[in-house]
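Structure file start.txt (compact mmCIF, C-alpha atoms and all ligand atoms) is printed below.
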```txt
# COMPACT_ATOMS: atom_id res chain seq x y z
CA MET K 1037 0.00 0.00 0.00
CA LYS K 1038 1.35 3.43 -0.93
CA ARG K 1039 1.43 5.86 1.98
CA GLY K 1040 1.83 9.63 1.83
CA LEU K 1041 5.48 10.60 2.16
CA THR K 1042 4.77 13.44 4.60
CA ARG K 1043 2.48 11.51 6.99
CA ILE K 1044 4.62 12.13 10.02
CA VAL K 1045 2.34 10.38 12.53
CA GLY K 1046 2.27 7.36 10.21
CA TRP K 1047 6.07 7.22 10.24
CA ALA K 1048 6.01 7.43 14.04
CA HIS K 1049 3.67 4.45 14.13
CA GLU K 1050 5.83 2.45 11.74
CA LEU K 1051 9.03 3.15 13.63
CA LEU K 1052 7.45 2.12 16.93
CA ALA K 1053 5.80 -0.93 15.39
CA GLU K 1054 9.27 -2.21 14.43
CA VAL K 1055 10.23 -2.65 18.09
CA VAL K 1056 6.93 -3.52 19.82
CA ALA K 1057 5.66 -7.07 19.99
CA ALA K 1058 2.76 -8.92 21.53
CA GLY K 1059 2.96 -8.92 25.32
CA ASP K 1060 5.06 -5.73 25.59
CA LEU K 1061 4.44 -2.61 27.64
CA ALA K 1062 3.93 0.59 25.63
CA VAL K 1063 3.23 4.13 26.81
CA ASP K 1064 1.41 7.06 25.23
CA LEU K 1065 2.32 10.36 26.90
CA THR K 1066 -0.60 12.22 25.28
CA ALA K 1067 -3.70 10.06 24.81
CA GLY K 1068 -5.74 12.73 22.98
CA ASN K 1069 -8.35 11.10 20.76
CA GLY K 1070 -6.79 7.68 21.17
CA HIS K 1071 -5.41 7.04 17.67
CA ASP K 1072 -1.90 6.40 18.94
CA VAL K 1073 -3.15 4.33 21.88
CA LEU K 1074 -5.10 2.20 19.41
CA MET K 1075 -2.01 1.61 17.29
CA LEU K 1076 -0.02 0.60 20.39
CA PHE K 1077 -2.80 -1.70 21.58
CA GLN K 1078 -2.90 -3.37 18.17
CA ARG K 1079 0.84 -4.08 18.47
CA VAL K 1080 0.99 -5.31 22.08
CA GLY K 1081 -2.26 -7.26 21.78
CA ARG K 1082 -4.36 -8.70 24.59
CA SER K 1083 -1.31 -10.13 26.34
CA GLY K 1084 0.36 -6.71 26.49
CA ARG K 1085 -0.25 -3.44 28.24
CA VAL K 1086 -0.67 0.18 27.13
CA VAL K 1087 -0.49 2.99 29.68
CA ALA K 1088 -1.65 6.38 28.42
CA PHE K 1089 -1.67 9.79 30.11
CA ASP K 1090 -3.76 12.89 29.54
CA ILE K 1091 -4.76 15.90 31.62
CA GLN K 1092 -8.15 16.32 29.89
CA ASP K 1093 -11.16 14.22 30.74
CA GLN K 1094 -12.49 14.82 27.22
CA ALA K 1095 -9.39 13.14 25.79
CA LEU K 1096 -9.52 10.19 28.17
CA ARG K 1097 -13.19 9.63 27.36
CA ALA K 1098 -12.53 9.73 23.60
CA THR K 1099 -9.65 7.29 24.00
CA GLU K 1100 -11.70 4.97 26.20
CA LEU K 1101 -14.50 4.82 23.60
CA ARG K 1102 -12.09 4.16 20.74
CA LEU K 1103 -10.30 1.40 22.60
CA ARG K 1104 -13.46 -0.28 23.89
CA ASP K 1105 -14.76 -0.28 20.30
CA ALA K 1106 -11.57 -2.09 19.34
CA GLY K 1107 -12.20 -4.74 21.99
CA ALA K 1108 -9.64 -3.59 24.55
CA GLU K 1109 -10.12 -3.92 28.29
CA VAL K 1110 -9.85 -0.35 29.52
CA GLN K 1111 -9.20 0.82 33.06
CA ARG K 1112 -9.32 4.47 34.21
CA ILE K 1113 -6.70 5.42 36.82
CA ASP K 1114 -7.26 8.49 38.97
CA ALA K 1115 -5.23 7.68 42.10
CA GLN K 1116 -1.52 8.45 42.29
CA ARG K 1117 -0.04 5.02 42.90
CA PRO K 1118 2.04 2.54 40.91
CA LEU K 1119 0.00 0.41 38.52
CA ALA K 1120 -0.06 -3.31 39.17
CA ALA K 1121 1.40 -5.43 36.39
CA GLY K 1122 -1.25 -6.78 34.06
CA THR K 1123 -2.75 -6.49 30.61
CA GLY K 1124 -5.11 -4.13 28.80
CA VAL K 1125 -5.19 -0.36 28.45
CA SER K 1126 -4.76 1.90 31.49
CA LEU K 1127 -5.81 5.53 31.05
CA VAL K 1128 -4.18 7.75 33.63
CA ALA K 1129 -5.73 11.12 34.49
CA ALA K 1130 -2.42 12.84 35.23
CA SER K 1131 0.37 14.78 33.61
CA HIS K 1132 2.99 12.76 31.78
CA ALA K 1133 5.52 14.62 33.96
CA GLU K 1134 4.43 12.23 36.73
CA MET K 1135 4.74 9.05 34.68
CA ASP K 1136 7.36 7.50 36.95
CA ARG K 1137 4.82 7.35 39.79
CA TYR K 1138 2.71 4.91 37.78
CA LEU K 1139 4.93 2.71 35.64
CA PHE K 1140 5.88 -0.75 36.86
CA ALA K 1141 8.23 -1.95 34.11
CA ALA K 1142 10.40 -0.79 31.23
CA PRO K 1143 8.34 0.17 28.14
CA LYS K 1144 9.41 -0.97 24.67
CA ALA K 1145 7.78 2.05 23.08
CA VAL K 1146 6.85 5.53 24.21
CA MET K 1147 4.79 7.79 21.92
CA ALA K 1148 4.12 11.51 22.32
CA ASN K 1149 2.00 13.58 19.99
CA LEU K 1150 2.49 17.13 21.24
CA GLY K 1151 0.31 20.24 20.93
CA TYR K 1152 -3.44 20.50 21.54
CA LEU K 1153 -6.34 18.07 21.34
CA PRO K 1154 -7.77 18.15 17.80
CA GLY K 1155 -11.35 19.39 18.14
CA GLY K 1156 -10.68 20.53 21.72
CA ASP K 1157 -9.52 23.67 23.53
CA GLN K 1158 -6.48 24.95 21.64
CA ARG K 1159 -5.21 26.77 24.74
CA LEU K 1160 -4.62 23.43 26.50
CA ILE K 1161 -1.30 22.52 24.91
CA THR K 1162 1.66 20.46 25.99
CA ARG K 1163 4.20 22.70 27.75
CA PRO K 1164 7.99 22.70 27.51
CA GLU K 1165 8.64 22.04 31.22
CA THR K 1166 6.35 19.03 31.54
CA THR K 1167 7.34 17.73 28.11
CA ARG K 1168 11.00 17.86 29.08
CA ALA K 1169 10.33 16.01 32.35
CA ALA K 1170 8.40 13.30 30.50
CA LEU K 1171 11.05 12.88 27.83
CA ARG K 1172 13.80 12.54 30.43
CA THR K 1173 11.85 9.95 32.40
CA SER K 1174 10.93 8.09 29.21
CA CYS K 1175 14.57 7.79 28.15
CA GLU K 1176 15.51 6.62 31.61
CA LEU K 1177 12.77 3.97 31.80
CA LEU K 1178 12.87 2.75 28.19
CA ALA K 1179 13.82 -0.92 27.72
CA PRO K 1180 17.05 -1.64 25.81
CA GLY K 1181 16.15 -1.60 22.12
CA GLY K 1182 13.02 0.39 22.93
CA ARG K 1183 12.08 3.61 21.14
CA LEU K 1184 10.67 6.99 22.09
CA ALA K 1185 8.85 8.77 19.23
CA VAL K 1186 7.76 12.39 19.54
CA VAL K 1187 5.65 14.22 16.95
CA VAL K 1188 6.43 17.93 17.26
CA TYR K 1189 4.16 20.75 16.06
CA PRO K 1190 6.02 24.04 15.61
CA GLY K 1191 3.07 25.74 13.87
CA HIS K 1192 0.83 26.78 16.80
CA ALA K 1193 1.23 29.41 19.53
CA GLY K 1194 3.83 28.08 21.96
CA GLY K 1195 4.81 25.35 19.52
CA ASP K 1196 8.11 26.94 18.45
CA GLU K 1197 9.36 27.20 22.00
CA GLU K 1198 8.49 23.58 22.70
CA ALA K 1199 10.07 22.46 19.41
CA LEU K 1200 13.36 24.12 20.35
CA LEU K 1201 13.35 22.33 23.67
CA VAL K 1202 12.53 18.96 22.11
CA ASP K 1203 15.24 19.36 19.46
CA ASP K 1204 17.77 20.29 22.11
CA PHE K 1205 16.74 17.30 24.22
CA PHE K 1206 17.21 14.78 21.39
CA ARG K 1207 20.40 16.43 20.11
CA SER K 1208 22.04 16.12 23.50
CA LEU K 1209 21.25 12.45 24.15
CA PRO K 1210 24.60 10.66 24.51
CA GLU K 1211 25.38 8.65 21.39
CA GLN K 1212 26.82 5.78 23.47
CA ALA K 1213 23.34 5.19 24.87
CA PHE K 1214 20.91 6.32 22.14
CA ASP K 1215 20.55 6.41 18.38
CA VAL K 1216 18.50 9.45 17.34
CA LEU K 1217 16.58 10.07 14.11
CA CYS K 1218 14.90 13.33 13.09
CA LEU K 1219 12.42 13.12 10.21
CA ARG K 1220 11.21 16.39 8.64
CA VAL K 1221 9.27 17.62 5.62
CA GLY K 1222 12.27 19.23 3.97
CA ASN K 1223 10.45 22.04 2.19
CA ARG K 1224 7.85 22.96 4.87
CA PRO K 1225 9.59 24.33 7.96
CA ALA K 1226 6.34 24.78 9.94
CA ALA K 1227 5.08 21.24 9.26
CA PRO K 1228 4.98 18.66 12.06
CA TYR K 1229 8.09 16.54 12.33
CA LEU K 1230 9.32 13.48 14.18
CA GLN K 1231 12.09 12.88 16.67
CA VAL K 1232 12.89 9.27 17.58
CA ALA K 1233 15.40 7.87 20.05
CA GLU K 1234 16.30 4.20 20.38
CA LYS K 1235 17.99 3.04 23.57
CA ARG K 1236 21.17 1.16 22.75
CA ARG K 1237 21.91 -0.17 26.19
CA ARG K 1238 20.94 0.44 29.80
CA ALA K 1239 22.79 3.56 30.78
CA ASP K 1240 22.67 5.84 33.72
CA PHE K 1241 22.62 8.65 31.20
CA LEU K 1242 20.95 11.15 33.50
CA ARG K 1243 24.18 11.67 35.45
CA GLU K 1244 25.98 12.53 32.21
CA HIS K 1245 23.01 14.47 30.85
CA GLN K 1246 22.36 17.24 33.36
C1 LIG O 1301 -2.11 16.26 19.86
S1 LIG O 1301 -3.07 15.66 21.20
C2 LIG O 1301 -2.64 13.96 21.23
C3 LIG O 1301 -3.18 13.15 20.09
C4 LIG O 1301 -3.33 11.69 20.42
N1 LIG O 1301 -2.10 11.02 20.71
C5 LIG O 1301 -4.17 10.90 19.44
O1 LIG O 1301 -3.77 9.82 19.01
O2 LIG O 1301 -5.27 11.38 19.13
C6 LIG O 1301 -2.21 16.29 22.62
C7 LIG O 1301 -2.81 15.87 23.95
O3 LIG O 1301 -1.85 16.13 24.96
C8 LIG O 1301 -2.57 16.37 26.15
N2 LIG O 1301 -1.69 16.99 27.14
C9 LIG O 1301 -1.30 18.27 27.26
N3 LIG O 1301 -0.47 18.42 28.31
C10 LIG O 1301 -0.35 17.19 28.88
C11 LIG O 1301 0.36 16.70 30.02
N4 LIG O 1301 1.13 17.50 30.77
N5 LIG O 1301 0.26 15.39 30.31
C12 LIG O 1301 -0.50 14.55 29.55
N6 LIG O 1301 -1.21 14.96 28.46
C13 LIG O 1301 -1.13 16.27 28.14
C14 LIG O 1301 -3.72 17.25 25.70
O4 LIG O 1301 -4.76 17.23 26.65
C15 LIG O 1301 -4.08 16.60 24.36
O5 LIG O 1301 -5.14 15.70 24.50
```
As C-alpha cells, please, write out the structure in this file.
Amino acid sequence: MKRGLTRIVGWAHELLAEVVAAGDLAVDLTAGNGHDVLMLFQRVGRSGRVVAFDIQDQALRATELRLRDAGAEVQRIDAQRPLAAGTGVSLVAASHAEMDRYLFAAPKAVMANLGYLPGGDQRLITRPETTRAALRTSCELLAPGGRLAVVVYPGHAGGDEEALLVDDFFRSLPEQAFDVLCLRVGNRPAAPYLQVAEKRRRADFLREHQ
C-alpha cells in the first residue's frame, strides 16, 4: 500500500511498530483522541499493556470509547499510585511529567504527539517544562532496544518554543546510549516533524546528561 510521504504520525507508528511485539508494555504520553493508543494496543495485543496519560477528561473519554470499540479492556486510573502489572489499556488522568509514579516496568515504546487536542480547547497545549520532564523519564525507563517517538508541532502558539526544547533534548542524548533520528518535511519548515530515540543499552545517562 502506498502511503503519503509526509504523513509524520504514520512514520512514528511504523518506527514504533518495528520494536513492539505482543505482550510488551507501551506508553502514550498524550492520549488525545486515542489514535496512537489504538495503534499501540494493536501491536501489544491482549497479552500486552498500554499505559496512556492525559490531563483532559475529554481526551480520556474519547480514548476509552475508541479502545473499547476495538475490543480492549480499559481501566481508568485516577489515584496516584504505581499500577499493578497486568494487561489491557490503562488511562491515567495525570500529567505525563508524573509518569514514573505509575509505571511498573520498562516500556518498549513511548509515543508523544504534542500540541493540543484536535477538536478541543487549543489553549490546553503540551508545555515545555512538563514535556521535558516526561522525555527525560521516558529515556531513563525505556527498555534496551526500545524507542521513544515524539511528533512535534512548531506551527501553533507556543509550539516553536516547545520544538526548540525537544530538538535540544534529542540532540544532547549521549550517542553511546541512544541512536537518534529526526524526520522532517524538507520544504515545509512549519510542518509537524518526528524525533525518535532508540535506547542502545541500559545507561545511567541522567548523570551525564544534566
Ligand atoms: C495532539 S493531542 C494527542 C493526540 C493523540 N495522541 C491521538 O492519538 O489522538 C495532545 C494531547 O496532549 C494532552 N496533554 C497536554 N499536556 C499534557 C500533560 N502535561 N500530560 C498529559 N497529556 C497532556 C492534551 O490534553 C491533548 O489531549
* Separation of atom CA of Val1110 of chain K and atom CA of Asp1157 of chain K, in Å? -> 24.8 Å
Which chain K residues have any atom within 7 Å of an atom of ligand LIG 1301 (chain O), and for each, what is the nearest pair of atoms with distance in Å to one decimal, counting only C-alpha atoms and all ligand atoms, rows sorted by chain and number, as a Markdown table?
```
| residue | atom | partner | partner_atom | distance |
| --- | --- | --- | --- | --- |
| K:Asp1064 | CA | O:LIG1301 | N1 | 7.0 |
| K:Leu1065 | CA | O:LIG1301 | C12 | 5.7 |
| K:Thr1066 | CA | O:LIG1301 | O3 | 4.1 |
| K:Ala1067 | CA | O:LIG1301 | N1 | 4.5 |
| K:Gly1068 | CA | O:LIG1301 | O5 | 3.4 |
| K:Asn1069 | CA | O:LIG1301 | O2 | 3.5 |
| K:Gly1070 | CA | O:LIG1301 | O1 | 4.3 |
| K:His1071 | CA | O:LIG1301 | O1 | 3.5 |
| K:Asp1072 | CA | O:LIG1301 | O1 | 3.9 |
| K:Val1073 | CA | O:LIG1301 | O1 | 6.2 |
| K:Phe1089 | CA | O:LIG1301 | C12 | 4.9 |
| K:Asp1090 | CA | O:LIG1301 | N6 | 3.5 |
| K:Ile1091 | CA | O:LIG1301 | N6 | 4.8 |
| K:Gln1092 | CA | O:LIG1301 | O4 | 4.8 |
| K:Ala1095 | CA | O:LIG1301 | O5 | 5.1 |
| K:Ala1130 | CA | O:LIG1301 | N5 | 6.2 |
| K:Ser1131 | CA | O:LIG1301 | N5 | 3.4 |
| K:His1132 | CA | O:LIG1301 | N5 | 4.1 |
| K:Ala1133 | CA | O:LIG1301 | N4 | 6.1 |
| K:Ala1148 | CA | O:LIG1301 | N1 | 6.4 |
| K:Asn1149 | CA | O:LIG1301 | C2 | 4.8 |
| K:Leu1150 | CA | O:LIG1301 | C1 | 4.9 |
| K:Gly1151 | CA | O:LIG1301 | C1 | 4.8 |
| K:Tyr1152 | CA | O:LIG1301 | C6 | 4.5 |
| K:Leu1153 | CA | O:LIG1301 | C15 | 4.0 |
| K:Pro1154 | CA | O:LIG1301 | S1 | 6.3 |
| K:Leu1160 | CA | O:LIG1301 | C9 | 6.2 |
| K:Ile1161 | CA | O:LIG1301 | C9 | 4.9 |
| K:Thr1162 | CA | O:LIG1301 | N3 | 3.8 |
| K:Arg1163 | CA | O:LIG1301 | N3 | 6.4 |
| K:Thr1166 | CA | O:LIG1301 | N4 | 5.5 |
| K:Thr1167 | CA | O:LIG1301 | N4 | 6.8 |
```
* Asked: So how many Å separate atom CA of Ala1088 of chain K and atom CA of Glu1234 of chain K, to one decimal?
  -> 19.8 Å
Please build the interface table for segment 1143-1245 of chain K against segment 1049-1054 of chain K with a cut-off of 9 Å, listing for each qualifying residue the nearest atom pair and the distance in Å to one decimal; count all atoms listed in the file, order rows by chain and increasing number, and write it as CSV.
```
residue,atom,partner,partner_atom,distance
K:Lys1144,CA,K:Leu1052,CA,8.6
K:Ala1145,CA,K:Leu1052,CA,6.2
K:Val1146,CA,K:Leu1052,CA,8.1
K:Met1147,CA,K:Leu1052,CA,8.0
K:Gly1182,CA,K:Leu1052,CA,8.4
K:Arg1183,CA,K:Leu1052,CA,6.4
K:Leu1184,CA,K:Leu1052,CA,7.8
K:Ala1185,CA,K:Leu1052,CA,7.2
K:Val1232,CA,K:Leu1051,CA,8.2
```
What would the file look like if the residues just selected were written as a compact mmCIF listing (two decimals), keeping the file's coordinate frame with C-alpha atoms?
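Generated file (part.txt):
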```
# COMPACT_ATOMS: atom_id res chain seq x y z
CA LYS K 1144 9.41 -0.97 24.67
CA ALA K 1145 7.78 2.05 23.08
CA VAL K 1146 6.85 5.53 24.21
CA MET K 1147 4.79 7.79 21.92
CA GLY K 1182 13.02 0.39 22.93
CA ARG K 1183 12.08 3.61 21.14
CA LEU K 1184 10.67 6.99 22.09
CA ALA K 1185 8.85 8.77 19.23
CA VAL K 1232 12.89 9.27 17.58
```
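Residues surrounding Pro1143 of chain K within 8 Å are K:Asp1060, K:Leu1061, K:Ala1062, K:Val1063, K:Leu1177, K:Leu1178, K:Ala1179, K:Gly1182 [all atoms listed in the file; sequence separation below 6 positions excluded].
Atom CA of Arg1117 of chain K sits 16.7 Å away from atom CA of Ala1142 of chain K.
Taking all atoms listed in the file into account, Leu1076 of chain K lies nearest to K:Val1125 out of the set K:Asp1203, K:Gly1107, K:Gln1094, K:Val1125.
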Place a sphere of radius 9 Å on (13.6, 9.7, 18.2) in the file coordinates and name every protein, DNA or RNA residue with an atom inside or on its surface, counting all atoms listed in the file; give the answer as a JSON list (two decimals) with C-alpha atoms, keeping the file's coordinate frame.
```json
[["chain", "number", "residue", "atom", "x", "y", "z"],
["K", 1048, "ALA", "CA", 6.01, 7.43, 14.04],
["K", 1183, "ARG", "CA", 12.08, 3.61, 21.14],
["K", 1184, "LEU", "CA", 10.67, 6.99, 22.09],
["K", 1185, "ALA", "CA", 8.85, 8.77, 19.23],
["K", 1186, "VAL", "CA", 7.76, 12.39, 19.54],
["K", 1206, "PHE", "CA", 17.21, 14.78, 21.39],
["K", 1214, "PHE", "CA", 20.91, 6.32, 22.14],
["K", 1215, "ASP", "CA", 20.55, 6.41, 18.38],
["K", 1216, "VAL", "CA", 18.50, 9.45, 17.34],
["K", 1217, "LEU", "CA", 16.58, 10.07, 14.11],
["K", 1218, "CYS", "CA", 14.90, 13.33, 13.09],
["K", 1219, "LEU", "CA", 12.42, 13.12, 10.21],
["K", 1230, "LEU", "CA", 9.32, 13.48, 14.18],
["K", 1231, "GLN", "CA", 12.09, 12.88, 16.67],
["K", 1232, "VAL", "CA", 12.89, 9.27, 17.58],
["K", 1233, "ALA", "CA", 15.40, 7.87, 20.05],
["K", 1234, "GLU", "CA", 16.30, 4.20, 20.38]]
```
* Asked: So which residues touch Leu1074 of chain K within 9 Å, counting only C-alpha atoms, skipping near sequence neighbours fewer than 5 positions away, as JSON, numbers by chain?
  -> {"K": [1079, 1099, 1102, 1103, 1106, 1108]}
Quick one: contact table of segment 1113-1213 of chain K to segment 1226-1229 of chain K, 8 Å max, nearest atom pair and distance in Å to one decimal per residue, counting all atoms listed in the file, chain and number order, as JSON lines?
```
{"residue": "K:Val1187", "atom": "CA", "partner": "K:Tyr1229", "partner_atom": "CA", "distance": 5.7}
{"residue": "K:Val1188", "atom": "CA", "partner": "K:Tyr1229", "partner_atom": "CA", "distance": 5.4}
{"residue": "K:Tyr1189", "atom": "CA", "partner": "K:Pro1228", "partner_atom": "CA", "distance": 4.6}
{"residue": "K:Pro1190", "atom": "CA", "partner": "K:Ala1226", "partner_atom": "CA", "distance": 5.7}
{"residue": "K:Gly1191", "atom": "CA", "partner": "K:Ala1226", "partner_atom": "CA", "distance": 5.2}
```
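The residue that comes closest to Ile1044 of chain K, out of K:Val1221, K:Pro1210, K:Asp1136, K:Arg1236 and on the basis of all atoms listed in the file, is K:Val1221.
Proximity to His1192 of chain K was assessed for K:Ala1098, K:Arg1159, K:Asp1093, K:Phe1140 counting only C-alpha atoms; the smallest distance is recorded for K:Arg1159.
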* From K:Ala1058, K:Val1087, K:Ala1169, K:Met1135, residue lying nearest Glu1100 of chain K [all atoms listed in the file] -> K:Val1087
